[in-house]
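One file, run16.pdb, is given below (PDB, C-alpha atoms).
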ATOM      1  CA  MET H   1      27.523  23.183 -11.948
ATOM      2  CA  ALA H   2      25.172  23.356  -8.958
ATOM      3  CA  LYS H   3      21.918  21.452  -9.184
ATOM      4  CA  MET H   4      18.811  23.608  -9.189
ATOM      5  CA  CYS H   5      16.427  22.836  -6.348
ATOM      6  CA  THR H   6      12.997  24.402  -6.387
ATOM      7  CA  PRO H   7      10.699  24.480  -3.317
ATOM      8  CA  ALA H   8       8.499  21.852  -4.965
ATOM      9  CA  MET H   9      11.490  19.568  -5.525
ATOM     10  CA  GLU H  10      12.627  20.071  -1.931
ATOM     11  CA  LYS H  11       9.144  19.198  -0.638
ATOM     12  CA  LEU H  12       9.071  16.057  -2.817
ATOM     13  CA  ARG H  13      12.525  15.031  -1.607
ATOM     14  CA  ARG H  14      11.507  15.416   2.053
ATOM     15  CA  LYS H  15       8.339  13.418   1.420
ATOM     16  CA  GLN H  16      10.253  10.605  -0.296
ATOM     17  CA  GLY H  17      12.854  10.644   2.448
ATOM     18  CA  SER H  18      10.178  10.039   5.075
ATOM     19  CA  LYS H  19       9.024   6.835   3.444
ATOM     20  CA  PRO H  20      10.155   3.599   5.061
ATOM     21  CA  ARG H  21      13.302   2.073   3.600
ATOM     22  CA  LYS H  22      12.648  -1.317   5.118
ATOM     23  CA  THR H  23      10.577  -3.923   3.359
ATOM     24  CA  ASP H  24       9.156  -5.301   6.604
ATOM     25  CA  PRO H  25       5.342  -5.366   6.169
ATOM     26  CA  TRP H  26       4.793  -4.348   9.809
ATOM     27  CA  HIS H  27       7.062  -1.340   9.354
ATOM     28  CA  GLU H  28       5.170  -0.340   6.229
ATOM     29  CA  ALA H  29       1.847  -0.793   8.034
ATOM     30  CA  TRP H  30       3.018   1.510  10.830
ATOM     31  CA  TYR H  31       4.105   4.083   8.244
ATOM     32  CA  ARG H  32       0.638   4.041   6.657
ATOM     33  CA  PHE H  33      -1.056   4.057  10.044
ATOM     34  CA  ARG H  34       0.750   7.133  11.339
ATOM     35  CA  ARG H  35      -0.275   9.078   8.234
ATOM     36  CA  ASN H  36      -3.900   8.603   9.318
ATOM     37  CA  ARG H  37      -4.525  11.544  11.647
ATOM     38  CA  ALA H  38      -7.840  10.247  12.965
ATOM     39  CA  ALA H  39      -6.247   6.898  13.826
ATOM     40  CA  MET H  40      -3.313   8.585  15.573
ATOM     41  CA  VAL H  41      -5.663  10.749  17.646
ATOM     42  CA  SER H  42      -7.640   7.623  18.541
ATOM     43  CA  LEU H  43      -4.424   5.877  19.556
ATOM     44  CA  ALA H  44      -3.519   8.811  21.819
ATOM     45  CA  ILE H  45      -6.971   8.738  23.464
ATOM     46  CA  LEU H  46      -6.685   4.979  23.955
ATOM     47  CA  LEU H  47      -3.298   5.400  25.633
ATOM     48  CA  VAL H  48      -4.856   7.941  28.013
ATOM     49  CA  MET H  49      -7.648   5.470  28.783
ATOM     50  CA  ILE H  50      -5.076   2.774  29.477
ATOM     51  CA  LEU H  51      -3.266   5.119  31.883
ATOM     52  CA  PHE H  52      -6.582   5.789  33.641
ATOM     53  CA  ALA H  53      -7.170   2.045  33.889
ATOM     54  CA  LEU H  54      -3.693   1.287  35.236
ATOM     55  CA  PHE H  55      -3.370   4.193  37.669
ATOM     56  CA  PRO H  56      -6.890   5.391  38.525
ATOM     57  CA  SER H  57      -5.944   6.527  42.020
ATOM     58  CA  PHE H  58      -3.301   8.840  40.537
ATOM     59  CA  PHE H  59      -5.759  10.666  38.261
ATOM     60  CA  ALA H  60      -8.959  10.441  40.323
ATOM     61  CA  ARG H  61      -9.307  12.947  43.154
ATOM     62  CA  TYR H  62     -11.760  10.758  45.060
ATOM     63  CA  GLY H  63     -12.133   7.049  45.658
ATOM     64  CA  GLU H  64     -14.177   4.644  43.587
ATOM     65  CA  ASP H  65     -17.124   4.693  45.980
ATOM     66  CA  GLU H  66     -16.273   7.602  48.251
ATOM     67  CA  GLN H  67     -19.596   9.057  49.414
ATOM     68  CA  ILE H  68     -20.021  12.573  50.793
ATOM     69  CA  TYR H  69     -23.746  12.953  51.394
ATOM     70  CA  LYS H  70     -23.640  16.720  52.003
ATOM     71  CA  ASP H  71     -22.268  17.154  48.454
ATOM     72  CA  ALA H  72     -25.090  15.271  46.714
ATOM     73  CA  PHE H  73     -26.419  16.660  43.415
ATOM     74  CA  ILE H  74     -23.750  19.343  43.045
ATOM     75  CA  LYS H  75     -23.615  20.768  39.537
ATOM     76  CA  PRO H  76     -20.298  20.779  37.608
ATOM     77  CA  CYS H  77     -17.941  23.211  39.333
ATOM     78  CA  LEU H  78     -14.235  23.658  40.100
ATOM     79  CA  GLU H  79     -14.370  21.260  43.033
ATOM     80  CA  HIS H  80     -16.307  18.639  41.044
ATOM     81  CA  PRO H  81     -15.732  19.283  37.297
ATOM     82  CA  LEU H  82     -18.471  16.815  36.262
ATOM     83  CA  GLY H  83     -20.666  17.230  39.349
ATOM     84  CA  THR H  84     -21.732  14.648  41.926
ATOM     85  CA  ASP H  85     -24.448  11.998  42.060
ATOM     86  CA  ASN H  86     -27.207  11.297  44.582
ATOM     87  CA  PHE H  87     -24.706   9.854  47.095
ATOM     88  CA  GLY H  88     -22.270  12.745  46.768
ATOM     89  CA  ARG H  89     -19.785  10.720  44.733
ATOM     90  CA  ASP H  90     -17.606  12.622  42.252
ATOM     91  CA  ILE H  91     -18.682  11.771  38.708
ATOM     92  CA  LEU H  92     -15.263  12.404  37.152
ATOM     93  CA  SER H  93     -13.531  10.119  39.649
ATOM     94  CA  ARG H  94     -16.077   7.363  39.077
ATOM     95  CA  ILE H  95     -15.684   7.656  35.295
ATOM     96  CA  ILE H  96     -11.901   7.325  35.672
ATOM     97  CA  TRP H  97     -12.298   4.287  37.932
ATOM     98  CA  GLY H  98     -14.904   2.905  35.514
ATOM     99  CA  THR H  99     -12.329   3.017  32.708
ATOM    100  CA  ARG H 100     -10.490   0.159  34.407
ATOM    101  CA  THR H 101     -13.677  -1.909  34.628
ATOM    102  CA  SER H 102     -14.743  -1.267  31.028
ATOM    103  CA  LEU H 103     -11.322  -1.964  29.511
ATOM    104  CA  LEU H 104     -10.913  -5.070  31.650
ATOM    105  CA  ILE H 105     -14.268  -6.399  30.450
ATOM    106  CA  GLY H 106     -13.556  -5.492  26.828
ATOM    107  CA  ILE H 107     -10.006  -6.826  26.581
ATOM    108  CA  SER H 108     -10.539  -9.963  28.683
ATOM    109  CA  SER H 109     -13.688 -11.036  26.859
ATOM    110  CA  VAL H 110     -12.028 -10.489  23.476
ATOM    111  CA  ILE H 111      -9.013 -12.563  24.504
ATOM    112  CA  VAL H 112     -11.246 -15.459  25.591
ATOM    113  CA  SER H 113     -13.455 -15.305  22.489
ATOM    114  CA  LEU H 114     -10.420 -14.883  20.224
ATOM    115  CA  VAL H 115      -8.714 -17.969  21.643
ATOM    116  CA  LEU H 116     -11.829 -20.170  21.472
ATOM    117  CA  GLY H 117     -13.277 -18.783  18.257
ATOM    118  CA  GLY H 118      -9.878 -18.526  16.589
ATOM    119  CA  MET H 119      -9.130 -22.158  17.364
ATOM    120  CA  CYS H 120     -12.471 -23.242  15.909
ATOM    121  CA  GLY H 121     -11.976 -21.167  12.759
ATOM    122  CA  LEU H 122      -8.385 -22.305  12.256
ATOM    123  CA  ILE H 123      -9.248 -25.998  12.673
ATOM    124  CA  ALA H 124     -12.238 -25.664  10.350
ATOM    125  CA  ALA H 125     -10.145 -24.008   7.640
ATOM    126  CA  PHE H 126      -7.238 -26.446   7.964
ATOM    127  CA  TYR H 127      -9.158 -29.717   7.854
ATOM    128  CA  GLY H 128     -12.170 -28.685   5.778
ATOM    129  CA  GLY H 129     -14.825 -31.223   4.804
ATOM    130  CA  LYS H 130     -16.967 -32.633   7.595
ATOM    131  CA  VAL H 131     -14.906 -30.963  10.310
ATOM    132  CA  ASP H 132     -15.389 -27.568   8.705
ATOM    133  CA  ASN H 133     -19.093 -28.185   8.141
ATOM    134  CA  THR H 134     -19.709 -29.356  11.711
ATOM    135  CA  ILE H 135     -17.856 -26.483  13.370
ATOM    136  CA  MET H 136     -19.352 -23.763  11.191
ATOM    137  CA  ARG H 137     -22.908 -25.083  11.531
ATOM    138  CA  LEU H 138     -22.462 -24.867  15.294
ATOM    139  CA  MET H 139     -21.183 -21.313  14.884
ATOM    140  CA  ASP H 140     -24.213 -20.528  12.713
ATOM    141  CA  VAL H 141     -26.521 -21.670  15.511
ATOM    142  CA  LEU H 142     -24.788 -19.316  17.954
ATOM    143  CA  TYR H 143     -24.637 -16.558  15.367
ATOM    144  CA  ALA H 144     -28.381 -16.809  14.749
ATOM    145  CA  LEU H 145     -28.996 -15.651  18.316
ATOM    146  CA  PRO H 146     -28.599 -11.891  18.942
ATOM    147  CA  SER H 147     -25.266 -11.486  20.700
ATOM    148  CA  LEU H 148     -26.592  -9.136  23.368
ATOM    149  CA  LEU H 149     -29.589 -11.367  24.079
ATOM    150  CA  LEU H 150     -27.291 -14.389  24.350
ATOM    151  CA  ALA H 151     -24.986 -12.489  26.714
ATOM    152  CA  ILE H 152     -27.941 -11.440  28.883
ATOM    153  CA  ALA H 153     -29.190 -15.038  29.040
ATOM    154  CA  ILE H 154     -25.762 -16.390  30.026
ATOM    155  CA  ALA H 155     -25.179 -13.635  32.604
ATOM    156  CA  ALA H 156     -28.638 -14.179  34.098
ATOM    157  CA  ALA H 157     -28.011 -17.928  34.351
ATOM    158  CA  LEU H 158     -24.523 -17.613  35.858
ATOM    159  CA  GLY H 159     -25.269 -14.613  38.059
ATOM    160  CA  SER H 160     -23.874 -11.095  38.154
ATOM    161  CA  GLY H 161     -20.219 -10.328  38.662
ATOM    162  CA  MET H 162     -17.168  -9.342  36.647
ATOM    163  CA  ARG H 163     -16.069 -12.895  35.815
ATOM    164  CA  ASN H 164     -19.509 -14.006  34.634
ATOM    165  CA  VAL H 165     -19.949 -10.851  32.548
ATOM    166  CA  ILE H 166     -16.640 -11.498  30.788
ATOM    167  CA  LEU H 167     -17.609 -15.120  30.112
ATOM    168  CA  ALA H 168     -21.063 -14.165  28.843
ATOM    169  CA  ILE H 169     -19.695 -11.565  26.402
ATOM    170  CA  ALA H 170     -16.885 -13.881  25.280
ATOM    171  CA  VAL H 171     -19.312 -16.707  24.388
ATOM    172  CA  SER H 172     -21.518 -14.312  22.427
ATOM    173  CA  GLN H 173     -18.517 -13.146  20.331
ATOM    174  CA  ILE H 174     -17.042 -16.570  19.543
ATOM    175  CA  PRO H 175     -18.923 -17.001  16.207
ATOM    176  CA  SER H 176     -17.639 -13.666  14.869
ATOM    177  CA  PHE H 177     -14.004 -14.518  15.561
ATOM    178  CA  ALA H 178     -14.434 -18.056  14.240
ATOM    179  CA  ARG H 179     -15.750 -16.749  10.920
ATOM    180  CA  VAL H 180     -13.042 -14.106  10.576
ATOM    181  CA  VAL H 181     -10.167 -16.475  11.376
ATOM    182  CA  ARG H 182     -11.594 -19.183   9.109
ATOM    183  CA  ALA H 183     -11.916 -16.758   6.195
ATOM    184  CA  ALA H 184      -8.362 -15.500   6.687
ATOM    185  CA  ALA H 185      -6.971 -19.033   7.053
ATOM    186  CA  LEU H 186      -8.712 -20.222   3.883
ATOM    187  CA  THR H 187      -6.850 -17.587   1.863
ATOM    188  CA  VAL H 188      -3.446 -18.965   2.943
ATOM    189  CA  ARG H 189      -4.224 -22.677   3.270
ATOM    190  CA  ASN H 190      -3.272 -23.510  -0.315
ATOM    191  CA  GLN H 191      -0.315 -21.151  -0.626
ATOM    192  CA  GLU H 192       2.991 -22.525  -1.853
ATOM    193  CA  TYR H 193       4.813 -22.108   1.447
ATOM    194  CA  ILE H 194       2.093 -24.125   3.204
ATOM    195  CA  GLU H 195       2.466 -26.914   0.639
ATOM    196  CA  ALA H 196       6.239 -26.790   1.051
ATOM    197  CA  ALA H 197       5.969 -27.055   4.832
ATOM    198  CA  ARG H 198       3.502 -29.938   4.497
ATOM    199  CA  SER H 199       5.856 -31.722   2.078
ATOM    200  CA  SER H 200       8.745 -31.330   4.511
ATOM    201  CA  GLY H 201       6.809 -33.307   7.117
ATOM    202  CA  SER H 202       5.508 -30.523   9.368
ATOM    203  CA  SER H 203       2.837 -31.634  11.811
ATOM    204  CA  PRO H 204      -0.713 -30.214  11.608
ATOM    205  CA  LEU H 205      -0.136 -28.146  14.745
ATOM    206  CA  ARG H 206       3.044 -26.658  13.309
ATOM    207  CA  LEU H 207       1.321 -25.906  10.031
ATOM    208  CA  MET H 208      -1.579 -24.172  11.759
ATOM    209  CA  PHE H 209       0.291 -22.193  14.413
ATOM    210  CA  ARG H 210       3.670 -21.612  12.761
ATOM    211  CA  HIS H 211       2.699 -21.012   9.144
ATOM    212  CA  MET H 212      -1.022 -20.239   8.831
ATOM    213  CA  LEU H 213      -1.799 -18.248  11.972
ATOM    214  CA  PRO H 214       1.017 -15.634  11.663
ATOM    215  CA  ASN H 215      -0.225 -14.764   8.180
ATOM    216  CA  CYS H 216      -3.708 -14.121   9.580
ATOM    217  CA  LEU H 217      -2.562 -11.763  12.327
ATOM    218  CA  ALA H 218      -3.393  -8.575  10.441
ATOM    219  CA  THR H 219      -7.049  -9.539  10.087
ATOM    220  CA  ILE H 220      -7.191 -10.842  13.662
ATOM    221  CA  ILE H 221      -5.750  -7.624  15.135
ATOM    222  CA  VAL H 222      -8.302  -5.476  13.322
ATOM    223  CA  GLN H 223     -11.196  -7.707  14.383
ATOM    224  CA  ALA H 224      -9.937  -7.787  17.970
ATOM    225  CA  THR H 225      -9.795  -3.978  18.126
ATOM    226  CA  LEU H 226     -13.362  -3.693  16.874
ATOM    227  CA  GLY H 227     -14.365  -6.540  19.194
ATOM    228  CA  VAL H 228     -13.143  -4.631  22.261
ATOM    229  CA  ALA H 229     -15.486  -1.771  21.351
ATOM    230  CA  GLY H 230     -18.405  -4.183  21.030
ATOM    231  CA  ALA H 231     -17.502  -5.893  24.302
ATOM    232  CA  ILE H 232     -17.397  -2.580  26.180
ATOM    233  CA  ILE H 233     -20.854  -1.586  25.004
ATOM    234  CA  SER H 234     -22.157  -5.098  25.743
ATOM    235  CA  GLY H 235     -20.750  -4.903  29.270
ATOM    236  CA  ALA H 236     -22.366  -1.510  29.758
ATOM    237  CA  SER H 237     -25.663  -2.906  28.462
ATOM    238  CA  LEU H 238     -25.552  -5.854  30.863
ATOM    239  CA  SER H 239     -24.887  -3.541  33.797
ATOM    240  CA  PHE H 240     -27.634  -1.210  32.621
ATOM    241  CA  VAL H 241     -30.257  -3.977  32.774
ATOM    242  CA  GLY H 242     -28.957  -5.183  36.143
ATOM    243  CA  VAL H 243     -27.149  -8.438  35.287
ATOM    244  CA  GLY H 244     -23.665  -7.020  34.910
ATOM    245  CA  VAL H 245     -21.133  -5.532  37.285
ATOM    246  CA  GLN H 246     -22.664  -4.720  40.646
ATOM    247  CA  PRO H 247     -21.913  -1.871  43.081
ATOM    248  CA  PRO H 248     -19.753  -0.623  44.634
ATOM    249  CA  THR H 249     -17.614  -1.229  41.528
ATOM    250  CA  ALA H 250     -17.687   1.828  39.263
ATOM    251  CA  GLU H 251     -18.961   0.889  35.784
ATOM    252  CA  TRP H 252     -20.287   3.214  33.098
ATOM    253  CA  GLY H 253     -23.389   1.182  32.294
ATOM    254  CA  TYR H 254     -24.417   0.892  35.930
ATOM    255  CA  MET H 255     -23.831   4.618  36.383
ATOM    256  CA  LEU H 256     -26.328   5.237  33.582
ATOM    257  CA  SER H 257     -28.826   2.812  35.057
ATOM    258  CA  SER H 258     -28.680   4.263  38.569
ATOM    259  CA  ALA H 259     -29.036   7.837  37.239
ATOM    260  CA  ARG H 260     -32.187   7.293  35.172
ATOM    261  CA  GLN H 261     -34.543   8.467  37.911
ATOM    262  CA  TYR H 262     -32.630  11.730  38.357
ATOM    263  CA  ILE H 263     -32.400  12.704  34.697
ATOM    264  CA  ARG H 264     -34.771  15.667  35.117
ATOM    265  CA  GLN H 265     -33.223  17.191  38.223
ATOM    266  CA  ALA H 266     -29.552  16.300  37.676
ATOM    267  CA  TRP H 267     -28.776  15.910  33.970
ATOM    268  CA  TRP H 268     -25.005  15.632  34.535
ATOM    269  CA  ILE H 269     -25.315  12.304  36.374
ATOM    270  CA  ILE H 270     -26.432  10.483  33.242
ATOM    271  CA  THR H 271     -24.846  12.689  30.569
ATOM    272  CA  PHE H 272     -21.144  12.307  31.326
ATOM    273  CA  PRO H 273     -21.059   8.488  31.709
ATOM    274  CA  GLY H 274     -22.878   8.290  28.373
ATOM    275  CA  ILE H 275     -20.284  10.588  26.800
ATOM    276  CA  ALA H 276     -17.515   8.386  28.233
ATOM    277  CA  ILE H 277     -19.047   5.312  26.570
ATOM    278  CA  MET H 278     -19.456   7.211  23.295
ATOM    279  CA  ILE H 279     -15.829   8.402  23.291
ATOM    280  CA  ALA H 280     -14.512   4.916  24.077
ATOM    281  CA  ILE H 281     -16.548   3.232  21.332
ATOM    282  CA  PHE H 282     -15.776   5.929  18.758
ATOM    283  CA  THR H 283     -12.060   5.786  19.615
ATOM    284  CA  LEU H 284     -11.808   2.011  19.251
ATOM    285  CA  ASN H 285     -13.848   1.927  16.037
ATOM    286  CA  THR H 286     -11.735   4.679  14.479
ATOM    287  CA  LEU H 287      -8.578   2.901  15.590
ATOM    288  CA  GLY H 288      -9.861  -0.346  14.073
ATOM    289  CA  ASP H 289     -10.618   1.391  10.776
ATOM    290  CA  GLY H 290      -7.127   2.873  10.767
ATOM    291  CA  LEU H 291      -5.539  -0.506  11.427
ATOM    292  CA  ARG H 292      -7.602  -2.071   8.654
ATOM    293  CA  ASP H 293      -6.459   0.559   6.164
ATOM    294  CA  ALA H 294      -2.839   0.303   7.309
ATOM    295  CA  MET H 295      -2.678  -3.479   7.092
ATOM    296  CA  ASP H 296      -4.488  -3.741   3.764
ATOM    297  CA  PRO H 297      -1.891  -4.359   1.037
ATOM    298  CA  LYS H 298      -4.136  -2.544  -1.446
ATOM    299  CA  MET H 299      -3.497   0.684   0.461
ATOM    300  CA  LYS H 300       0.212   0.645  -0.386
ATOM    301  CA  ARG H 301       1.477   3.728  -2.223
TER     302      ARG H 301
END
Let me see whether you can do it: turn the structure in this file into structure tokens.
Amino acid sequence: MAKMCTPAMEKLRRKQGSKPRKTDPWHEAWYRFRRNRAAMVSLAILLVMILFALFPSFFARYGEDEQIYKDAFIKPCLEHPLGTDNFGRDILSRIIWGTRTSLLIGISSVIVSLVLGGMCGLIAAFYGGKVDNTIMRLMDVLYALPSLLLAIAIAAALGSGMRNVILAIAVSQIPSFARVVRAAALTVRNQEYIEAARSSGSSPLRLMFRHMLPNCLATIIVQATLGVAGAIISGASLSFVGVGVQPPTAEWGYMLSSARQYIRQAWWIITFPGIAIMIAIFTLNTLGDGLRDAMDPKMKR
């Protein structure tokens, strides 16, 4: 006798068949992540930004600082889709070249702050006691200062330039990463597998980096994604006030700063770099929210 299969049963069977058969937590996290449409769209936009950053000369019609004075203040048109600035530079090309600068600042500063802050948080959680108290009180002192104000002070003291901007932003974000890593490490410090590894004679370094740190990666990845968004806007802010990346390097914040005096006569000069910053920050924040939901065990279905 043939089994009856209704459209509802067929739809349920296809839905169950699409679920991951593996028990790997990373595979399950990817399955939950790809069901989030907003996160997938954000991932696609981020991949486009990465392509712009890696191959700007392929996508940009003009050079990073190519000036054509006779084309100054041209409104958006077919030749210049986003118009030109006061030096005749193509706004779209400069935004594409600026993607490399912004992503480099964001990713590099997060890597530096993650390494330094993550080490501090991991050591504080592992040893506890006076070590934990000393490290976290130092982090509290740094955390009490507004991160942007601290970054401006460091950049002003070290001088402008890409390297100093990255260092200034990285130092201002160290307390955030230290707190996040410490909180995640505290949840696994007293787990049974940690006690078993300690009983087997594992060294403190092996315990921290082989057993504790891998189990904190989910939280670290989410925080790092959100941190890149914060670093990009901090880099744009530093360039806007004049202590960040200097010309002729294309950078979104400096493009906003240099266009302030022309906002009445050429609105496109300041509008489109601002939209680029908004899209980048919104994309990374949405991606971070999607990663958080995907890696949260409570979201399992």
List as a Markdown table every residue of range 191-294 of chain H that is in contact with range 114-136 of chain H, defined as an atom at most 9 Å from one of its atoms (using all atoms listed in the file), together with the nearest atom pair and the distance in Å rounded to one decimal, sorted by chain and then rising number.
| residue | atom | partner | partner_atom | distance |
| --- | --- | --- | --- | --- |
| H:Pro204 | CA | H:Phe126 | CA | 8.4 |
| H:Leu207 | CA | H:Phe126 | CA | 8.8 |
| H:Met208 | CA | H:Leu122 | CA | 7.1 |
| H:Phe209 | CA | H:Leu122 | CA | 8.9 |
| H:Met212 | CA | H:Leu122 | CA | 8.4 |
| H:Leu213 | CA | H:Leu122 | CA | 7.7 |
| H:Ile220 | CA | H:Leu114 | CA | 8.4 |
| H:Ala224 | CA | H:Leu114 | CA | 7.5 |
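Applied to the shown file, the PyMOL selection byres ((chain H and resi 146) around 12) selects the residues H:Asp140, H:Val141, H:Leu142, H:Tyr143, H:Ala144, H:Leu145, H:Ser147, H:Leu148, H:Leu149, H:Leu150, H:Ala151, H:Ile152, H:Ala153, H:Ile169, H:Val171, H:Ser172, H:Gln173, H:Pro175, H:Ser176, H:Ser234.
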Kindly resolve the PyMOL selection byres ((chain H and resi 52) around 12) on the present coordinates and return the residues as JSON, numbers by chain.
-> {"H": [45, 46, 47, 48, 49, 50, 51, 53, 54, 55, 56, 57, 58, 59, 60, 92, 93, 94, 95, 96, 97, 98, 99, 100, 101, 102, 103, 104]}
Apply the PyMOL selection byres ((chain H and resi 71) around 8) to the file shown and report the selected residues as a PyMOL selection string.
-> chain H and resi 68-70+72-74+84+87-89
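A straight line drawn from CA of Tyr193 in chain H to CA of His27 in chain H is 22.3 Å long.
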What would the list of residues within 12 Å of (-12.3, 5.1, 13.8) (file frame) look like as a VMD selection string, if all atoms listed in the file are what count?
-> chain H and resid 33 36 to 43 45 to 46 222 225 to 226 229 279 to 293
Within 10 Å of Ile233 in chain H using all atoms listed in the file, minus same-chain residues under 3 positions, as a ChimeraX atom specification = /H:102,105-106,148,228-230,236-239,252-253,277-278,280-281
Using C-alpha atoms, can you export the residues from the last selection as a CSV table (one decimal), in the frame of the given file?
chain,number,residue,atom,x,y,z
H,102,SER,CA,-14.7,-1.3,31.0
H,105,ILE,CA,-14.3,-6.4,30.4
H,106,GLY,CA,-13.6,-5.5,26.8
H,148,LEU,CA,-26.6,-9.1,23.4
H,228,VAL,CA,-13.1,-4.6,22.3
H,229,ALA,CA,-15.5,-1.8,21.4
H,230,GLY,CA,-18.4,-4.2,21.0
H,236,ALA,CA,-22.4,-1.5,29.8
H,237,SER,CA,-25.7,-2.9,28.5
H,238,LEU,CA,-25.6,-5.9,30.9
H,239,SER,CA,-24.9,-3.5,33.8
H,252,TRP,CA,-20.3,3.2,33.1
H,253,GLY,CA,-23.4,1.2,32.3
H,277,ILE,CA,-19.0,5.3,26.6
H,278,MET,CA,-19.5,7.2,23.3
H,280,ALA,CA,-14.5,4.9,24.1
H,281,ILE,CA,-16.5,3.2,21.3
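Here CA of Ala266 in chain H stands at a distance of 22.3 Å from CA of Gln246 in chain H.
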Could you state the separation of CA of Ala250 in chain H and CA of Ala157 in chain H in Å, given to one decimal place?
-> 22.8 Å
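Using all atoms listed in the file, the smallest distance between any of H:Val180, H:Val188, H:Ile166, H:Val241 and Arg260 in chain H comes from H:Val241.
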Within 8 Å of Ile270 in chain H, counting only C-alpha atoms, which residues show up once you throw out same-chain ones fewer than 5 positions away? Write them as number ranges by chain, please.
-> H: 255-256, 259-260, 263
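Compared by their closest atoms to Ser108 in chain H, and using only C-alpha atoms, the residues H:Met295, H:Leu167, H:Ile275, H:Val243 rank with H:Leu167 nearest.
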